[in-house]
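One structure below.
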Amino acid sequence: MTTDARFEDGAERPLRLKAEGSEDITVLSALAQDAVFPMSETTWKPTQRRFAVLLNRFRWEDLPAAKRLGRDVERVRAVLAFDDVTKVTSSGLDRNDPDLVLSLLSITWQPSEDGAGRFELTLAGDGTIALDAECINITLQDVTRPYIAPSRKAPNHPE
């Protein structure tokens with residue numbers, strides 16, 4: 001985790017992580033779990049070999065402190081970017097629906113024998129986005145200050 005100098009007023013620093021291995025993907029997947037985003041906030045740049053999504057994620061890393069201190073749960077806008085992507089496909093999604101809002105359940109990596117592999121973004125409602133990539137190269141970066149989640153609580157997951 002690194003800091004970002006944008007917030008010089010003493011506010012908590014935004015999260016900025018880079019995944020370069022399968023264990024890192026598990027961490028990023030946990031931090032992005034239950035993030036929501038409209039389909040219109042996804043971008044595939046074939047010439048740059050980059051797929052990115054602007055999402056609203058829960059600040060899972062702050063949840064223990066929020067519970068302990070009786071604070072409301074926060075969300076933050078973040079960019080989840082995958083580099084070295086050669087192909088993007090989806091299933092179970094109406095990509096032409098501008099109002100479609102997706103909820104991210106998990107990110108997984110399925111390596112192939114040649115060192116490349118496929119990321120799968122599993123979405124609520126049986127949708128998936130698959131990214132064929134040459135290697136693991138993902139970043140998750142918060143881009144706004146945290147804000148109180150409208151529901152004032154995080155999703156309830158069994159422990």
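Numbering starts fresh at 1 for the residues of each chain in the structure tokens, the chains themselves are lettered A, B, ... in the order given, and ligands are numbered from 1 as they appear.
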Within 7 Å of stretch 26-35 of chain A, which residues of stretch 53-110 of chain A show up? Give each one with its shortest atom-to-atom distance in Å (one decimal) and the two atoms involved, counting only C-alpha atoms, rows by chain then rising residue number, as a tab-separated table.
residue	atom	partner	partner_atom	distance
A:Leu55	CA	A:Ala35	CA	6.1
A:Asn56	CA	A:Ala35	CA	5.3
A:Arg57	CA	A:Ala35	CA	4.1
A:Phe58	CA	A:Ala35	CA	6.5
A:Trp60	CA	A:Leu31	CA	5.8
A:Ser103	CA	A:Ala35	CA	5.7
A:Leu104	CA	A:Asp34	CA	5.2
A:Leu105	CA	A:Gln33	CA	5.2
A:Ser106	CA	A:Ser29	CA	5.4
A:Ile107	CA	A:Ser29	CA	5.1
Expected file: the selected residues, N, CA and C atoms, as a short mmCIF file (atom, residue, chain, number, x, y, z; two decimals), in the first residue's frame:
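Once written, again29.cif looks like this:
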data_model
loop_
_atom_site.label_atom_id
_atom_site.label_comp_id
_atom_site.auth_asym_id
_atom_site.auth_seq_id
_atom_site.Cartn_x
_atom_site.Cartn_y
_atom_site.Cartn_z
N LEU A 55 -15.24 1.96 -10.23
CA LEU A 55 -16.23 1.32 -9.38
C LEU A 55 -16.37 2.02 -8.04
N ASN A 56 -17.47 1.72 -7.38
CA ASN A 56 -17.72 2.18 -6.01
C ASN A 56 -17.51 0.96 -5.12
N ARG A 57 -16.47 1.01 -4.31
CA ARG A 57 -16.17 -0.15 -3.48
C ARG A 57 -16.32 0.18 -2.01
N PHE A 58 -16.65 -0.84 -1.21
CA PHE A 58 -16.64 -0.69 0.24
C PHE A 58 -15.19 -0.63 0.69
N TRP A 60 -13.35 -2.21 2.76
CA TRP A 60 -13.27 -3.39 3.62
C TRP A 60 -12.09 -3.30 4.59
N SER A 103 -22.51 -5.80 -9.97
CA SER A 103 -21.95 -5.98 -8.64
C SER A 103 -20.87 -7.06 -8.72
N LEU A 104 -19.65 -6.69 -8.37
CA LEU A 104 -18.50 -7.60 -8.47
C LEU A 104 -18.47 -8.55 -7.28
N LEU A 105 -18.44 -9.83 -7.56
CA LEU A 105 -18.35 -10.83 -6.49
C LEU A 105 -16.91 -11.27 -6.26
N SER A 106 -16.16 -11.51 -7.35
CA SER A 106 -14.77 -11.96 -7.17
C SER A 106 -13.97 -11.78 -8.45
N ILE A 107 -12.65 -11.81 -8.27
CA ILE A 107 -11.70 -11.79 -9.38
C ILE A 107 -10.83 -13.04 -9.22
#
All residues 7 Å or closer to A:Thr144, only C-alpha atoms, same chain fewer than 2 positions away omitted, as an MDAnalysis selection string
chainID A and resid 76:77 142 146
Please provide the set of residues having any atom within 7 Å of A:Glu41, restricted to only C-alpha atoms, with same-chain residues fewer than 4 positions apart removed, written as number ranges by chain.
A: 37, 53-54
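When only C-alpha atoms are used to compute distances to A:Ser151, the closest of the residues A:Ile25, A:Cys135, A:Val73, A:Ile129 turns out to be A:Val73.
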Within stretch 20-125 of chain A, find each residue whose DSSP state, derived from the backbone, is strand (DSSP E), and express the selection as a PyMOL selection string.
chain A and resi 36-38+42-45+50-58+74-83+85-91+101-111+117-123
So that I can see what lies close to A:Glu74, please list as a ChimeraX atom specification the residues with an atom at most 9 Å from it, counting only C-alpha atoms and leaving out residues fewer than 5 positions away in the same chain.
/A:57-60,62-63,66,146-150,152-154
Can I get the selected residues back with N, CA and C atoms, as a PDB file, in the first residue's frame?
ATOM      1  N   ARG A  57     -16.466   1.009  -4.305  1.00  0.00           N
ATOM      2  CA  ARG A  57     -16.167  -0.154  -3.476  1.00  0.00           C
ATOM      3  C   ARG A  57     -16.321   0.179  -2.007  1.00  0.00           C
ATOM      4  N   PHE A  58     -16.652  -0.842  -1.213  1.00  0.00           N
ATOM      5  CA  PHE A  58     -16.638  -0.691   0.236  1.00  0.00           C
ATOM      6  C   PHE A  58     -15.190  -0.634   0.687  1.00  0.00           C
ATOM      7  N   ARG A  59     -14.933   0.100   1.722  1.00  0.00           N
ATOM      8  CA  ARG A  59     -13.578   0.157   2.282  1.00  0.00           C
ATOM      9  C   ARG A  59     -13.437  -0.986   3.293  1.00  0.00           C
ATOM     10  N   TRP A  60     -13.351  -2.213   2.763  1.00  0.00           N
ATOM     11  CA  TRP A  60     -13.266  -3.395   3.622  1.00  0.00           C
ATOM     12  C   TRP A  60     -12.088  -3.299   4.586  1.00  0.00           C
ATOM     13  N   ASP A  62     -11.108  -0.888   6.223  1.00  0.00           N
ATOM     14  CA  ASP A  62     -11.440  -0.020   7.351  1.00  0.00           C
ATOM     15  C   ASP A  62     -12.567  -0.578   8.217  1.00  0.00           C
ATOM     16  N   LEU A  63     -13.188  -1.669   7.793  1.00  0.00           N
ATOM     17  CA  LEU A  63     -14.355  -2.195   8.500  1.00  0.00           C
ATOM     18  C   LEU A  63     -14.088  -2.537   9.972  1.00  0.00           C
ATOM     19  N   ALA A  66     -14.036   0.712  11.875  1.00  0.00           N
ATOM     20  CA  ALA A  66     -15.365   1.329  11.871  1.00  0.00           C
ATOM     21  C   ALA A  66     -16.278   0.652  12.886  1.00  0.00           C
ATOM     22  N   PRO A 146     -13.195   8.941   0.822  1.00  0.00           N
ATOM     23  CA  PRO A 146     -14.265   8.036   1.254  1.00  0.00           C
ATOM     24  C   PRO A 146     -15.541   8.819   1.569  1.00  0.00           C
ATOM     25  N   TYR A 147     -16.664   8.160   1.393  1.00  0.00           N
ATOM     26  CA  TYR A 147     -17.952   8.750   1.729  1.00  0.00           C
ATOM     27  C   TYR A 147     -18.801   7.683   2.412  1.00  0.00           C
ATOM     28  N   ILE A 148     -19.777   8.123   3.179  1.00  0.00           N
ATOM     29  CA  ILE A 148     -20.633   7.186   3.911  1.00  0.00           C
ATOM     30  C   ILE A 148     -21.488   6.410   2.919  1.00  0.00           C
ATOM     31  N   ALA A 149     -21.511   5.092   3.068  1.00  0.00           N
ATOM     32  CA  ALA A 149     -22.352   4.255   2.215  1.00  0.00           C
ATOM     33  C   ALA A 149     -23.808   4.629   2.452  1.00  0.00           C
ATOM     34  N   PRO A 150     -24.607   4.779   1.388  1.00  0.00           N
ATOM     35  CA  PRO A 150     -26.006   5.175   1.573  1.00  0.00           C
ATOM     36  C   PRO A 150     -26.773   4.289   2.551  1.00  0.00           C
ATOM     37  N   ARG A 152     -25.473   2.845   5.063  1.00  0.00           N
ATOM     38  CA  ARG A 152     -24.775   2.977   6.332  1.00  0.00           C
ATOM     39  C   ARG A 152     -24.263   1.645   6.887  1.00  0.00           C
ATOM     40  N   LYS A 153     -24.295   0.596   6.073  1.00  0.00           N
ATOM     41  CA  LYS A 153     -23.749  -0.679   6.518  1.00  0.00           C
ATOM     42  C   LYS A 153     -23.144  -1.447   5.338  1.00  0.00           C
ATOM     43  N   ALA A 154     -22.278  -2.359   5.660  1.00  0.00           N
ATOM     44  CA  ALA A 154     -21.631  -3.188   4.649  1.00  0.00           C
ATOM     45  C   ALA A 154     -22.482  -4.435   4.413  1.00  0.00           C
TER      46      ALA A 154
END
What is the distance, in Å and to one decimal place, between atom CA of A:Ile136 and atom CA of A:Ala124?
23.6 Å
Expressed in Å to a single decimal, how great is the separation between atom CA of A:Leu140 and atom CA of A:Gly21?
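Computed distance, atom CA of A:Leu140 to atom CA of A:Gly21, equals 14.0 Å.
Atom CA of A:Ala78 to atom CA of A:Arg16 spans 9.2 Å [interatomic distance, one decimal].
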Excluding same-chain residues fewer than 6 positions from A:Ala116, what lies within 12 Å of it counting only C-alpha atoms, as JSON, numbers by chain?
{"A": [84, 85, 86, 87, 109, 110, 131, 132, 133, 134, 135, 136, 137]}
From a DSSP pass on the backbone, collect the residues of stretch 7-147 of chain A flagged as helix (DSSP H, G or I) and hand them back as a PyMOL selection string.
chain A and resi 22-32+39-41+60-69
Could you dump the residues just selected with N, CA, C and O atoms as a short mmCIF file (atom, residue, chain, number, x, y, z; two decimals), in the first residue's frame?
data_model
loop_
_atom_site.label_atom_id
_atom_site.label_comp_id
_atom_site.auth_asym_id
_atom_site.auth_seq_id
_atom_site.Cartn_x
_atom_site.Cartn_y
_atom_site.Cartn_z
N SER A 22 -0.56 -14.45 -8.00
CA SER A 22 -1.89 -14.98 -7.69
C SER A 22 -2.34 -14.67 -6.26
O SER A 22 -3.53 -14.45 -6.02
N GLU A 23 -1.42 -14.61 -5.31
CA GLU A 23 -1.80 -14.25 -3.94
C GLU A 23 -2.27 -12.80 -3.86
O GLU A 23 -3.19 -12.47 -3.12
N ASP A 24 -1.66 -11.93 -4.66
CA ASP A 24 -2.07 -10.53 -4.70
C ASP A 24 -3.50 -10.40 -5.24
O ASP A 24 -4.26 -9.53 -4.81
N ILE A 25 -3.87 -11.26 -6.19
CA ILE A 25 -5.22 -11.22 -6.75
C ILE A 25 -6.25 -11.51 -5.67
O ILE A 25 -7.31 -10.89 -5.63
N THR A 26 -5.94 -12.43 -4.77
CA THR A 26 -6.85 -12.74 -3.68
C THR A 26 -7.11 -11.51 -2.82
O THR A 26 -8.24 -11.23 -2.43
N VAL A 27 -6.07 -10.74 -2.53
CA VAL A 27 -6.22 -9.51 -1.74
C VAL A 27 -7.06 -8.49 -2.49
O VAL A 27 -8.01 -7.92 -1.94
N LEU A 28 -6.73 -8.25 -3.77
CA LEU A 28 -7.49 -7.28 -4.55
C LEU A 28 -8.95 -7.71 -4.69
O LEU A 28 -9.86 -6.88 -4.60
N SER A 29 -9.18 -9.00 -4.88
CA SER A 29 -10.54 -9.50 -5.00
C SER A 29 -11.33 -9.23 -3.73
O SER A 29 -12.49 -8.79 -3.78
N ALA A 30 -10.71 -9.45 -2.58
CA ALA A 30 -11.39 -9.20 -1.30
C ALA A 30 -11.70 -7.71 -1.12
O ALA A 30 -12.77 -7.35 -0.64
N LEU A 31 -10.78 -6.85 -1.51
CA LEU A 31 -11.00 -5.41 -1.36
C LEU A 31 -12.04 -4.87 -2.34
O LEU A 31 -12.69 -3.87 -2.07
N ALA A 32 -12.18 -5.52 -3.49
CA ALA A 32 -13.15 -5.07 -4.50
C ALA A 32 -14.49 -5.80 -4.39
O ALA A 32 -15.43 -5.46 -5.09
N MET A 39 -22.27 -0.54 -16.31
CA MET A 39 -21.54 -1.09 -17.46
C MET A 39 -20.85 0.03 -18.24
O MET A 39 -19.77 -0.17 -18.79
N SER A 40 -21.44 1.22 -18.24
CA SER A 40 -20.86 2.36 -18.97
C SER A 40 -19.53 2.83 -18.38
O SER A 40 -18.81 3.58 -19.03
N GLU A 41 -19.18 2.37 -17.18
CA GLU A 41 -17.91 2.77 -16.54
C GLU A 41 -16.80 1.76 -16.80
O GLU A 41 -15.78 1.78 -16.12
N TRP A 60 -13.35 -2.21 2.76
CA TRP A 60 -13.27 -3.39 3.62
C TRP A 60 -12.09 -3.30 4.59
O TRP A 60 -12.16 -3.78 5.72
N GLU A 61 -10.99 -2.67 4.17
CA GLU A 61 -9.81 -2.57 5.01
C GLU A 61 -10.06 -1.71 6.24
O GLU A 61 -9.35 -1.81 7.24
N ASP A 62 -11.11 -0.89 6.22
CA ASP A 62 -11.44 -0.02 7.35
C ASP A 62 -12.57 -0.58 8.22
O ASP A 62 -12.87 -0.03 9.27
N LEU A 63 -13.19 -1.67 7.79
CA LEU A 63 -14.36 -2.20 8.50
C LEU A 63 -14.09 -2.54 9.97
O LEU A 63 -14.89 -2.17 10.83
N PRO A 64 -12.99 -3.20 10.32
CA PRO A 64 -12.76 -3.50 11.75
C PRO A 64 -12.71 -2.23 12.61
O PRO A 64 -13.31 -2.19 13.68
N ALA A 65 -12.01 -1.20 12.14
CA ALA A 65 -11.92 0.05 12.91
C ALA A 65 -13.28 0.73 12.98
O ALA A 65 -13.66 1.27 14.02
N ALA A 66 -14.04 0.71 11.88
CA ALA A 66 -15.36 1.33 11.87
C ALA A 66 -16.28 0.65 12.89
O ALA A 66 -16.98 1.32 13.65
N LYS A 67 -16.25 -0.68 12.94
CA LYS A 67 -17.08 -1.40 13.92
C LYS A 67 -16.63 -1.08 15.34
O LYS A 67 -17.45 -0.82 16.21
N ARG A 68 -15.33 -1.09 15.57
CA ARG A 68 -14.79 -0.86 16.91
C ARG A 68 -15.13 0.56 17.39
O ARG A 68 -15.45 0.75 18.56
N LEU A 69 -15.09 1.53 16.49
CA LEU A 69 -15.32 2.92 16.86
C LEU A 69 -16.77 3.37 16.67
O LEU A 69 -17.10 4.52 16.95
#
Set the distance at 7 Å and use only C-alpha atoms: which residues neighbour A:Thr108 once local chain neighbours fewer than 5 positions away are removed? I'd like the list as a VMD selection string.
chain A and resid 25 119 to 121
